[in-house]
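As stored in run.csv (CSV, N, CA and C atoms):
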```
chain,number,residue,atom,x,y,z
L,49,MET,N,-20.9,14.4,6.1
L,49,MET,CA,-20.1,13.2,5.9
L,49,MET,C,-18.7,13.5,6.5
L,50,HIS,N,-18.2,12.6,7.3
L,50,HIS,CA,-16.9,12.7,7.9
L,50,HIS,C,-15.9,11.9,7.2
L,51,PHE,N,-14.7,12.5,6.8
L,51,PHE,CA,-13.6,11.8,6.2
L,51,PHE,C,-12.5,11.7,7.2
L,52,GLY,N,-11.8,10.5,7.1
L,52,GLY,CA,-10.6,10.3,8.0
L,52,GLY,C,-9.3,10.7,7.2
L,53,PHE,N,-9.0,12.0,7.2
L,53,PHE,CA,-7.9,12.5,6.3
L,53,PHE,C,-6.6,12.0,6.8
L,54,GLN,N,-6.5,11.5,8.1
L,54,GLN,CA,-5.2,11.0,8.5
L,54,GLN,C,-4.8,9.7,7.8
L,55,TYR,N,-5.7,9.1,7.2
L,55,TYR,CA,-5.4,7.8,6.5
L,55,TYR,C,-4.8,8.0,5.1
L,56,ILE,N,-4.7,9.3,4.7
L,56,ILE,CA,-4.0,9.5,3.4
L,56,ILE,C,-2.6,9.1,3.5
L,57,VAL,N,-2.0,9.0,4.6
L,57,VAL,CA,-0.6,8.5,4.8
L,57,VAL,C,-0.5,7.0,4.4
L,58,LEU,N,-1.5,6.3,4.8
L,58,LEU,CA,-1.6,4.8,4.4
L,58,LEU,C,-1.6,4.7,2.8
L,59,ILE,N,-2.4,5.6,2.2
L,59,ILE,CA,-2.6,5.5,0.8
L,59,ILE,C,-1.2,5.9,0.1
L,60,LEU,N,-0.5,6.9,0.6
L,60,LEU,CA,0.7,7.3,0.0
L,60,LEU,C,1.8,6.2,0.2
L,61,ILE,N,1.9,5.6,1.4
L,61,ILE,CA,2.8,4.5,1.6
L,61,ILE,C,2.5,3.3,0.7
L,62,GLY,N,1.3,3.0,0.6
L,62,GLY,CA,0.9,1.9,-0.3
L,62,GLY,C,1.3,2.2,-1.7
L,63,LEU,N,1.0,3.4,-2.2
L,63,LEU,CA,1.4,3.7,-3.6
L,63,LEU,C,2.9,3.7,-3.7
L,64,GLY,N,3.6,4.1,-2.7
L,64,GLY,CA,5.1,4.1,-2.8
L,64,GLY,C,5.6,2.7,-2.9
L,65,GLY,N,5.0,1.8,-2.1
L,65,GLY,CA,5.4,0.4,-2.2
L,65,GLY,C,5.1,-0.3,-3.5
L,66,MET,N,4.0,0.1,-4.1
L,66,MET,CA,3.6,-0.5,-5.4
L,66,MET,C,4.5,0.1,-6.5
L,67,VAL,N,4.8,1.4,-6.4
L,67,VAL,CA,5.6,2.0,-7.5
L,67,VAL,C,7.0,1.6,-7.4
L,68,TRP,N,7.5,1.4,-6.2
L,68,TRP,CA,8.9,0.9,-6.1
L,68,TRP,C,9.0,-0.6,-6.4
L,69,GLY,N,8.0,-1.4,-6.0
L,69,GLY,CA,8.1,-2.9,-6.0
L,69,GLY,C,7.9,-3.5,-7.4
L,70,VAL,N,7.0,-2.9,-8.2
L,70,VAL,CA,6.8,-3.5,-9.5
L,70,VAL,C,8.0,-3.6,-10.4
L,71,PRO,N,8.7,-2.4,-10.6
L,71,PRO,CA,9.9,-2.5,-11.4
L,71,PRO,C,11.1,-3.3,-10.7
L,72,ALA,N,11.1,-3.1,-9.4
L,72,ALA,CA,12.2,-3.8,-8.6
L,72,ALA,C,12.0,-5.3,-8.7
L,73,ALA,N,10.8,-5.8,-8.7
L,73,ALA,CA,10.6,-7.3,-8.8
L,73,ALA,C,11.1,-7.8,-10.1
L,74,HIS,N,11.1,-7.0,-11.1
L,74,HIS,CA,11.6,-7.5,-12.4
L,74,HIS,C,13.1,-7.2,-12.6
L,75,ARG,N,13.7,-6.3,-11.9
L,75,ARG,CA,15.0,-5.9,-12.0
L,75,ARG,C,16.0,-6.6,-11.1
L,76,LEU,N,15.6,-6.9,-9.9
L,76,LEU,CA,16.5,-7.5,-8.9
L,76,LEU,C,16.6,-9.0,-9.1
L,77,ARG,N,17.7,-9.6,-8.5
L,77,ARG,CA,18.0,-11.0,-8.7
L,77,ARG,C,17.2,-11.8,-7.7
L,78,ALA,N,17.4,-13.1,-7.7
L,78,ALA,CA,16.5,-14.1,-7.1
L,78,ALA,C,16.0,-13.9,-5.7
L,79,PRO,N,16.8,-13.7,-4.7
L,79,PRO,CA,16.2,-13.6,-3.3
L,79,PRO,C,15.5,-12.2,-3.1
L,80,LEU,N,16.1,-11.2,-3.8
L,80,LEU,CA,15.5,-9.9,-3.6
L,80,LEU,C,14.3,-9.6,-4.4
L,81,ASP,N,14.0,-10.3,-5.5
L,81,ASP,CA,12.8,-10.1,-6.2
L,81,ASP,C,11.6,-10.5,-5.5
L,82,ALA,N,11.7,-11.5,-4.6
L,82,ALA,CA,10.6,-12.0,-3.8
L,82,ALA,C,10.3,-10.9,-2.7
L,83,ALA,N,11.3,-10.2,-2.2
L,83,ALA,CA,11.0,-9.2,-1.2
L,83,ALA,C,10.3,-8.0,-1.9
L,84,ALA,N,10.7,-7.7,-3.1
L,84,ALA,CA,10.1,-6.6,-3.9
L,84,ALA,C,8.6,-7.0,-4.2
L,85,ALA,N,8.4,-8.2,-4.5
L,85,ALA,CA,7.0,-8.7,-4.8
L,85,ALA,C,6.2,-8.6,-3.5
L,86,GLY,N,6.8,-8.9,-2.4
L,86,GLY,CA,6.1,-8.8,-1.1
L,86,GLY,C,5.8,-7.3,-0.7
L,87,ALA,N,6.7,-6.4,-1.1
L,87,ALA,CA,6.4,-5.0,-0.9
L,87,ALA,C,5.2,-4.5,-1.8
L,88,VAL,N,5.1,-5.1,-3.0
L,88,VAL,CA,3.9,-4.8,-3.8
L,88,VAL,C,2.7,-5.2,-3.1
L,89,LEU,N,2.7,-6.5,-2.6
L,89,LEU,CA,1.5,-7.0,-2.0
L,89,LEU,C,1.1,-6.2,-0.7
L,90,CYS,N,2.1,-5.8,0.1
L,90,CYS,CA,1.9,-5.0,1.2
L,90,CYS,C,1.4,-3.6,0.8
L,91,GLY,N,1.9,-3.1,-0.3
L,91,GLY,CA,1.4,-1.8,-0.8
L,91,GLY,C,0.0,-1.8,-1.2
L,92,VAL,N,-0.4,-2.9,-1.9
L,92,VAL,CA,-1.8,-3.0,-2.3
L,92,VAL,C,-2.7,-3.1,-1.1
L,93,VAL,N,-2.3,-3.8,-0.1
L,93,VAL,CA,-3.1,-4.0,1.2
L,93,VAL,C,-3.2,-2.6,1.9
L,94,LEU,N,-2.1,-1.9,2.0
L,94,LEU,CA,-2.1,-0.6,2.7
L,94,LEU,C,-3.0,0.4,1.9
L,95,PHE,N,-2.8,0.4,0.6
L,95,PHE,CA,-3.6,1.3,-0.3
L,95,PHE,C,-5.1,1.0,-0.1
L,96,ALA,N,-5.5,-0.2,-0.2
L,96,ALA,CA,-6.9,-0.6,0.0
L,96,ALA,C,-7.5,-0.2,1.4
L,97,LEU,N,-6.7,-0.5,2.4
L,97,LEU,CA,-7.1,-0.2,3.7
L,97,LEU,C,-7.2,1.3,3.9
L,98,GLY,N,-6.2,2.1,3.4
L,98,GLY,CA,-6.3,3.5,3.5
L,98,GLY,C,-7.5,4.1,2.8
L,99,VAL,N,-7.8,3.6,1.6
L,99,VAL,CA,-9.0,4.1,0.9
L,99,VAL,C,-10.3,3.8,1.7
L,100,LEU,N,-10.4,2.6,2.2
L,100,LEU,CA,-11.5,2.2,3.0
L,100,LEU,C,-11.7,3.1,4.2
L,101,LEU,N,-10.6,3.3,4.9
L,101,LEU,CA,-10.7,4.1,6.1
L,101,LEU,C,-10.8,5.6,5.9
L,102,LEU,N,-10.4,6.0,4.7
L,102,LEU,CA,-10.6,7.4,4.3
L,102,LEU,C,-12.0,7.8,4.2
L,103,PHE,N,-12.8,6.9,3.6
L,103,PHE,CA,-14.2,7.2,3.3
L,103,PHE,C,-15.1,6.7,4.4
L,104,ILE,N,-14.7,5.6,5.1
L,104,ILE,CA,-15.5,5.1,6.3
L,104,ILE,C,-14.6,5.0,7.5
L,105,PRO,N,-14.3,6.1,8.2
L,105,PRO,CA,-13.3,6.1,9.2
L,105,PRO,C,-13.5,5.2,10.4
L,106,HIS,N,-14.8,4.9,10.7
L,106,HIS,CA,-15.0,4.0,11.9
L,106,HIS,C,-15.5,2.6,11.4
L,107,PHE,N,-14.8,2.1,10.4
L,107,PHE,CA,-15.2,0.8,9.8
L,107,PHE,C,-15.0,-0.3,10.7
L,108,PHE,N,-13.9,-0.3,11.4
L,108,PHE,CA,-13.5,-1.4,12.3
L,108,PHE,C,-14.0,-1.3,13.7
L,109,ARG,N,-14.8,-0.3,14.0
L,109,ARG,CA,-15.3,-0.2,15.4
L,109,ARG,C,-16.7,-0.8,15.5
```
Hey, can you dump this file as C-alpha cells for me?
Amino acid sequence: MHFGFQYIVLILIGLGGMVWGVPAAHRLRAPLDAAAAGAVLCGVVLFALGVLLLFIPHFFR
C-alpha cells in the first residue's frame, strides 16, 4: 500500500487553522471573528483533504 506522506503538510496546516481559529472566533471583535471562523472552515477542508490524500494518494486522478 502506498501512502502520500507529502500530504502531512496539509493536515498540519489544517490543524493549525482549526486550533487558532476556534478560540480566536470567540475572542476577536466583529469583523475579525468572521475571518477566524473562515480560517476554521478552511482548516477543516484542508485537514479532510490531507487525510484523504494521505491514504489514497491518486484519488483525484
Of the candidates L:Gly52, L:Pro71, L:Pro79, L:Gly62, which one gets nearest to His106 (chain L) if we count only N, CA and C atoms?
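Residue with the minimum atom-to-atom distance to His106 (chain L): L:Gly52.
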For each of L:Val57, L:Val67, L:Ala72, L:Ala83, take the minimum atom-to-atom distance to Gly98 (chain L), counting all atoms listed in the file, then give the residue where this is smallest.
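Residue with the minimum atom-to-atom distance to Gly98 (chain L): L:Val57.
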Apply DSSP to the backbone of this structure and, from chain L, keep only the residues in helix (DSSP H, G or I); write these as a PyMOL selection string.
chain L and resi 53-75+78-103
Rounded to one decimal place, report the atom N of Phe103 (chain L)-atom C of Gly91 (chain L) distance in Å.
16.2 Å
In file coordinates, which residues lie within 6 Å of (-12.3, 9.1, 9.5) using only C-alpha atoms, given as a list in words?
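Checking each residue against the 6 Å limit leaves Phe51, Gly52, Leu102 and Pro105 of chain L.
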What lies within 8 Å of Leu60 (chain L) using all atoms listed in the file, ignoring chain neighbours under 5 positions off, as a list in words?
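So, after excluding close chain neighbours, the residues are Tyr55, Gly65, Met66, Leu94, Phe95 and Gly98 of chain L.
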If you measure from CA of Ala82 (chain L) to atom N of Leu58 (chain L), what distance in Å do you get, rounded to one decimal?
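Atom-to-atom, CA of Ala82 (chain L) to atom N of Leu58 (chain L), that is 23.6 Å.
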For a test of reading the model, state the distance in Å between CA of Leu100 (chain L) and CA of Ile56 (chain L), rounded to one decimal.
10.5 Å
Save region 55-80 of chain L to disk from that block, N, CA and C atoms included, as a tab-separated table (two decimals), in the first residue's frame.
```tsv
chain	number	residue	atom	x	y	z
L	55	TYR	N	1.47	14.81	1.96
L	55	TYR	CA	0.21	15.46	2.32
L	55	TYR	C	0.06	15.68	3.81
L	56	ILE	N	1.04	15.27	4.59
L	56	ILE	CA	1.01	15.54	6.03
L	56	ILE	C	1.07	17.04	6.28
L	57	VAL	N	1.68	17.78	5.36
L	57	VAL	CA	1.74	19.24	5.49
L	57	VAL	C	0.32	19.83	5.47
L	58	LEU	N	-0.55	19.31	4.59
L	58	LEU	CA	-1.93	19.77	4.55
L	58	LEU	C	-2.64	19.52	5.89
L	59	ILE	N	-2.39	18.36	6.46
L	59	ILE	CA	-3.00	18.01	7.74
L	59	ILE	C	-2.54	18.97	8.83
L	60	LEU	N	-1.24	19.27	8.85
L	60	LEU	CA	-0.71	20.16	9.89
L	60	LEU	C	-1.22	21.59	9.72
L	61	ILE	N	-1.30	22.07	8.49
L	61	ILE	CA	-1.83	23.42	8.26
L	61	ILE	C	-3.31	23.48	8.63
L	62	GLY	N	-4.05	22.43	8.30
L	62	GLY	CA	-5.46	22.39	8.67
L	62	GLY	C	-5.65	22.37	10.17
L	63	LEU	N	-4.86	21.58	10.87
L	63	LEU	CA	-4.94	21.56	12.33
L	63	LEU	C	-4.58	22.92	12.93
L	64	GLY	N	-3.57	23.55	12.36
L	64	GLY	CA	-3.17	24.88	12.83
L	64	GLY	C	-4.28	25.90	12.66
L	65	GLY	N	-4.95	25.86	11.53
L	65	GLY	CA	-6.06	26.77	11.29
L	65	GLY	C	-7.21	26.54	12.25
L	66	MET	N	-7.49	25.28	12.53
L	66	MET	CA	-8.57	24.98	13.47
L	66	MET	C	-8.20	25.36	14.90
L	67	VAL	N	-6.98	25.06	15.30
L	67	VAL	CA	-6.55	25.34	16.67
L	67	VAL	C	-6.49	26.84	16.91
L	68	TRP	N	-6.04	27.61	15.92
L	68	TRP	CA	-6.00	29.06	16.08
L	68	TRP	C	-7.39	29.67	15.96
L	69	GLY	N	-8.19	29.19	15.03
L	69	GLY	CA	-9.44	29.85	14.69
L	69	GLY	C	-10.56	29.69	15.69
L	70	VAL	N	-10.67	28.56	16.34
L	70	VAL	CA	-11.78	28.35	17.28
L	70	VAL	C	-11.72	29.33	18.45
L	71	PRO	N	-10.60	29.45	19.16
L	71	PRO	CA	-10.59	30.44	20.24
L	71	PRO	C	-10.61	31.88	19.72
L	72	ALA	N	-9.99	32.11	18.57
L	72	ALA	CA	-9.96	33.47	18.02
L	72	ALA	C	-11.34	33.93	17.58
L	73	ALA	N	-12.18	33.02	17.11
L	73	ALA	CA	-13.53	33.40	16.69
L	73	ALA	C	-14.36	33.86	17.88
L	74	HIS	N	-14.04	33.40	19.06
L	74	HIS	CA	-14.78	33.82	20.26
L	74	HIS	C	-14.14	35.03	20.93
L	75	ARG	N	-12.86	35.25	20.68
L	75	ARG	CA	-12.12	36.29	21.36
L	75	ARG	C	-12.12	37.61	20.60
L	76	LEU	N	-12.07	37.56	19.28
L	76	LEU	CA	-11.94	38.77	18.47
L	76	LEU	C	-13.27	39.50	18.31
L	77	ARG	N	-13.18	40.78	17.93
L	77	ARG	CA	-14.38	41.59	17.73
L	77	ARG	C	-14.97	41.36	16.34
L	78	ALA	N	-16.04	42.07	16.07
L	78	ALA	CA	-16.97	41.80	14.96
L	78	ALA	C	-16.37	41.48	13.59
L	79	PRO	N	-15.60	42.31	12.95
L	79	PRO	CA	-15.20	41.88	11.60
L	79	PRO	C	-14.14	40.78	11.60
L	80	LEU	N	-13.33	40.73	12.63
L	80	LEU	CA	-12.25	39.75	12.65
L	80	LEU	C	-12.72	38.36	13.09
```
